[in-house]
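Here is the file query-v1.txt (compact mmCIF, C-alpha atoms).
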# COMPACT_ATOMS: atom_id res chain seq x y z
CA MET A 168 -67.11 -2.59 -6.48
CA GLU A 169 -63.99 -4.06 -4.94
CA ILE A 170 -61.71 -5.69 -7.47
CA LYS A 171 -58.22 -6.75 -6.52
CA SER A 172 -57.28 -10.29 -7.47
CA ARG A 173 -56.82 -11.80 -10.89
CA GLU A 174 -59.97 -13.88 -10.37
CA GLN A 175 -61.96 -10.78 -9.41
CA LEU A 176 -60.68 -9.09 -12.56
CA ILE A 177 -61.90 -12.00 -14.67
CA GLU A 178 -65.26 -12.01 -12.87
CA GLY A 179 -65.58 -8.25 -13.41
CA LEU A 180 -64.81 -8.60 -17.10
CA GLU A 181 -67.32 -11.44 -17.49
CA LYS A 182 -70.03 -9.54 -15.65
CA LYS A 183 -69.64 -6.23 -17.52
CA PHE A 184 -69.21 -7.80 -20.96
CA SER A 185 -72.16 -10.17 -20.52
CA THR A 186 -74.43 -7.44 -19.11
CA LEU A 187 -73.65 -5.30 -22.15
CA VAL A 188 -74.22 -8.17 -24.58
CA ILE A 189 -77.54 -9.14 -22.99
CA TRP A 190 -78.73 -5.55 -23.13
CA ILE A 191 -77.76 -5.20 -26.80
CA GLU A 192 -79.28 -8.56 -27.73
CA ASN A 193 -82.58 -7.46 -26.19
CA GLN A 194 -82.53 -4.06 -27.86
CA PRO A 195 -84.76 -3.79 -30.96
CA ILE A 196 -82.69 -4.25 -34.11
CA GLU A 197 -83.65 -0.85 -35.52
CA LYS A 198 -82.11 0.88 -32.51
CA PHE A 199 -78.73 -0.80 -33.09
CA GLU A 200 -77.84 1.61 -35.89
CA ALA A 201 -79.98 4.59 -34.82
CA GLN A 202 -78.29 7.70 -33.47
CA VAL A 203 -80.07 9.90 -30.92
CA ARG A 204 -78.17 12.89 -32.34
CA ARG A 205 -75.82 13.16 -35.26
CA GLU A 206 -72.75 13.67 -33.05
CA LYS A 207 -73.64 10.72 -30.77
CA TRP A 208 -72.69 7.12 -31.47
CA SER A 209 -75.27 4.44 -32.15
CA THR A 210 -75.39 1.29 -30.02
CA GLY A 211 -73.52 -0.50 -32.82
CA GLN A 212 -70.81 2.15 -32.80
CA HIS A 213 -70.42 1.85 -29.03
CA LEU A 214 -69.99 -1.91 -29.45
CA ALA A 215 -67.50 -1.45 -32.29
CA HIS A 216 -65.57 1.05 -30.13
CA LEU A 217 -65.42 -1.45 -27.26
CA ILE A 218 -64.07 -4.11 -29.62
CA LYS A 219 -61.46 -1.66 -30.95
CA SER A 220 -60.42 -0.75 -27.41
CA THR A 221 -60.31 -4.33 -26.10
CA ARG A 222 -58.06 -5.64 -28.88
CA PRO A 223 -55.00 -3.64 -27.76
CA VAL A 224 -55.57 -4.80 -24.18
CA ASN A 225 -55.39 -8.39 -25.42
CA LEU A 226 -52.30 -7.55 -27.43
CA ALA A 227 -50.57 -5.82 -24.49
CA LEU A 228 -51.22 -8.77 -22.20
CA ARG A 229 -49.73 -11.14 -24.79
CA LEU A 230 -46.47 -9.25 -25.17
CA PRO A 231 -43.43 -10.91 -23.63
CA LYS A 232 -42.66 -9.35 -20.26
CA PHE A 233 -39.09 -8.51 -21.28
CA ILE A 234 -40.49 -6.44 -24.18
CA LEU A 235 -42.88 -4.62 -21.82
CA LYS A 236 -40.03 -3.87 -19.41
CA TRP A 237 -37.66 -2.78 -22.18
CA ARG A 238 -40.24 -0.61 -23.97
CA PHE A 239 -42.17 0.91 -21.05
CA GLY A 240 -40.27 0.18 -17.84
CA ILE A 241 -41.81 -1.20 -14.68
CA ASN A 242 -44.14 0.29 -12.12
CA ASN A 243 -42.46 2.42 -9.45
CA ARG A 244 -45.51 3.97 -7.80
CA GLU A 245 -48.38 2.82 -5.64
CA GLU A 246 -50.94 1.07 -7.77
CA LYS A 247 -54.38 2.65 -7.99
CA THR A 248 -57.46 0.86 -6.71
CA TYR A 249 -60.35 0.20 -9.06
CA GLU A 250 -62.23 3.15 -7.56
CA ALA A 251 -59.24 5.51 -7.87
CA LEU A 252 -58.66 4.54 -11.49
CA VAL A 253 -62.35 5.06 -12.33
CA GLU A 254 -62.23 8.47 -10.68
CA LYS A 255 -59.13 9.44 -12.68
CA TYR A 256 -60.82 8.33 -15.90
CA LYS A 257 -63.96 10.35 -15.08
CA GLN A 258 -61.80 13.41 -14.42
CA LYS A 259 -60.04 12.98 -17.77
CA LEU A 260 -63.41 12.73 -19.53
CA ALA A 261 -64.74 15.78 -17.67
CA ALA A 262 -61.64 17.70 -18.78
CA GLY A 263 -62.53 16.98 -22.41
CA GLY A 264 -60.83 13.62 -22.95
CA THR A 265 -62.17 11.69 -25.92
CA ALA A 266 -61.34 8.53 -27.82
CA PRO A 267 -58.27 8.87 -30.07
CA SER A 268 -59.02 8.47 -33.79
CA PRO A 269 -58.01 4.78 -34.05
CA PHE A 270 -60.77 3.98 -31.55
CA ILE A 271 -63.54 5.96 -33.24
CA PRO A 272 -65.95 3.52 -34.87
CA PRO A 273 -67.27 3.74 -38.41
CA LYS A 274 -70.98 3.85 -39.18
CA ILE A 275 -72.49 0.49 -38.23
CA SER A 276 -75.55 -1.12 -39.81
CA ALA A 277 -78.15 -3.28 -38.11
CA ASN A 278 -77.10 -6.33 -40.14
CA GLU A 279 -73.72 -6.26 -38.33
CA LYS A 280 -75.27 -6.78 -34.89
CA LYS A 281 -74.79 -10.55 -34.56
CA ALA A 282 -71.27 -10.49 -35.96
CA LEU A 283 -70.18 -7.66 -33.66
CA ILE A 284 -71.66 -9.37 -30.61
CA ALA A 285 -69.80 -12.58 -31.56
CA GLN A 286 -66.58 -10.60 -32.04
CA PHE A 287 -67.00 -8.88 -28.67
CA ASN A 288 -67.54 -12.26 -27.00
CA ARG A 289 -64.39 -13.61 -28.69
CA GLU A 290 -62.39 -10.66 -27.36
CA LEU A 291 -63.66 -11.47 -23.86
CA ALA A 292 -62.72 -15.14 -24.23
CA LYS A 293 -59.20 -14.17 -25.33
CA LEU A 294 -58.93 -11.67 -22.51
CA LYS A 295 -59.94 -14.17 -19.83
CA LYS A 296 -57.50 -16.72 -21.23
CA VAL A 297 -54.54 -14.34 -21.26
CA VAL A 298 -55.33 -12.83 -17.83
CA ARG A 299 -55.24 -16.32 -16.32
CA LYS A 300 -51.61 -16.59 -17.48
CA TRP A 301 -50.55 -13.54 -15.47
CA ASP A 302 -49.63 -13.85 -11.83
CA GLU A 303 -50.69 -11.26 -9.26
CA LYS A 304 -47.24 -9.72 -8.87
CA HIS A 305 -46.71 -9.21 -12.59
CA LEU A 306 -50.12 -7.56 -13.04
CA SER A 307 -48.86 -4.84 -10.70
CA THR A 308 -45.28 -4.71 -12.03
CA TYR A 309 -45.58 -4.21 -15.78
CA ILE A 310 -46.90 -0.99 -17.27
CA ILE A 311 -48.31 0.13 -20.58
CA PRO A 312 -49.25 3.58 -21.91
CA HIS A 313 -52.94 4.47 -22.09
CA PRO A 314 -54.09 7.35 -24.33
CA LEU A 315 -55.92 9.19 -21.52
CA LEU A 316 -54.53 7.74 -18.31
CA GLY A 317 -50.81 7.70 -19.07
CA ARG A 318 -48.66 4.77 -17.95
CA ILE A 319 -50.74 2.29 -16.02
CA THR A 320 -50.14 -1.20 -14.69
CA MET A 321 -51.66 -4.22 -16.37
CA ARG A 322 -54.04 -4.54 -13.42
CA GLU A 323 -55.08 -0.90 -13.88
CA LEU A 324 -55.54 -1.57 -17.60
CA LEU A 325 -57.96 -4.34 -16.70
CA PHE A 326 -59.71 -2.03 -14.20
CA PHE A 327 -60.10 0.42 -17.06
CA THR A 328 -61.46 -2.26 -19.40
CA ILE A 329 -64.08 -3.27 -16.85
CA TYR A 330 -65.19 0.27 -16.15
CA HIS A 331 -64.97 1.37 -19.79
CA THR A 332 -67.44 -1.36 -20.73
CA GLU A 333 -69.79 -0.27 -17.92
CA HIS A 334 -69.42 3.39 -18.97
CA HIS A 335 -70.54 2.63 -22.52
CA LEU A 336 -73.41 0.45 -21.32
CA GLN A 337 -74.63 3.34 -19.17
CA ILE A 338 -74.52 5.66 -22.18
CA ILE A 339 -76.48 3.35 -24.46
CA GLN A 340 -78.99 2.56 -21.72
CA ARG A 341 -79.51 6.29 -21.17
CA ASP A 342 -79.74 7.17 -24.87
CA TYR A 343 -81.51 4.12 -26.30
CA SER A 344 -83.88 2.76 -23.65

Taking this structure as input, can you express it in the form of structure tokens?
Amino acid sequence: MEIKSREQLIEGLEKKFSTLVIWIENQPIEKFEAQVRREKWSTGQHLAHLIKSTRPVNLALRLPKFILKWRFGINNREEKTYEALVEKYKQKLAAGGTAPSPFIPPKISANEKKALIAQFNRELAKLKKVVRKWDEKHLSTYIIPHPLLGRITMRELLFFTIYHTEHHLQIIQRDYS
């Protein structure tokens, strides 16, 4: 998947978020809270995790640029492509990388399904709105720390958000189909 421009980022976000939502909406309600194994997350927990991990992306993109520059600096390296960032993330996971505790979801019940889907869709709407306010140059200039990937550009953060959503969809499709 080639993603470069701001519009391609927005399209990628829309596609991955909507594919996940459609899959979850079509999943039987009893599977939403079921866990294939005790140490594995349920579909609901995957969705809650994605909400928890998308919120800080929205927050980061809303920060004033002077705060980003003052707090984290600016990018001084070649920006990774979507494919390169995905590969780095896969390597971090293979090396034992896991979600930090603030991103680990609580137990989720089936009666939370509609509310969580609505919340996830709201996060997407906010994300699309804020991304549209960023110009191409600034997406590659400003950086933010990521728990597994280190300091990444805002564009790379959006690459991560797109792939991270796909990654969790693949897991729930594998475990709950």

What are the nearest atom pairs, with distances in Å to one decimal, for all residues of range 222-315 of chain A that come at most 6 Å from range 321-338 of chain A, using only C-alpha atoms, set out by chain and rising residue number as a Markdown table?
| residue | atom | partner | partner_atom | distance |
| --- | --- | --- | --- | --- |
| A:Tyr249 | CA | A:Phe326 | CA | 5.6 |
| A:Leu306 | CA | A:Met321 | CA | 5.0 |
| A:Ser307 | CA | A:Arg322 | CA | 5.9 |
| A:Ile310 | CA | A:Met321 | CA | 5.8 |

* For Ala251 in chain A, which residue out of A:Lys293, A:Ser209, A:Trp301, A:Ile170 is the nearest one, using all atoms listed in the file? ->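 Once distances to Ala251 in chain A are computed over all atoms listed in the file, the minimum belongs to A:Ile170.
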
* Would you kindly return, as a PyMOL selection string, each protein, DNA or RNA residue with an atom no farther than 9 Å from any atom of Ser220 in chain A, considering all atoms listed in the file and excluding same-chain residues fewer than 5 positions away? => chain A and resi 215+269-270+328

* **Atomic distance CA of Ile218 in chain A - CA of Phe239 in chain A, expressed in Å with one decimal** => 24.0 Å

* What separation in Å, quoted to one decimal, exists between CA of Gln212 in chain A and CA of Ile275 in chain A? ->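 One can read the CA of Gln212 in chain A to CA of Ile275 in chain A distance as 5.9 Å.
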
Can you pull out every residue within 12 Å of Phe233 in chain A, counting all atoms listed in the file, but drop anything in the same chain fewer than 5 positions away, and send it as a PDB file with C-alpha atoms, in the coordinates of the input?
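Output (selection_15.pdb):
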ATOM      1  CA  ARG A 238     -40.240  -0.610 -23.970  1.00  0.00           C
ATOM      2  CA  PHE A 239     -42.170   0.910 -21.050  1.00  0.00           C
ATOM      3  CA  GLY A 240     -40.270   0.180 -17.840  1.00  0.00           C
ATOM      4  CA  ILE A 241     -41.810  -1.200 -14.680  1.00  0.00           C
ATOM      5  CA  HIS A 305     -46.710  -9.210 -12.590  1.00  0.00           C
ATOM      6  CA  THR A 308     -45.280  -4.710 -12.030  1.00  0.00           C
ATOM      7  CA  TYR A 309     -45.580  -4.210 -15.780  1.00  0.00           C
ATOM      8  CA  ILE A 310     -46.900  -0.990 -17.270  1.00  0.00           C
TER       9      ILE A 310
END

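Minimum atom-to-atom distance to Gln194 in chain A, evaluated using all atoms listed in the file, belongs to A:Ile339 out of A:Ile234, A:Ile339, A:Leu180, A:Val224.
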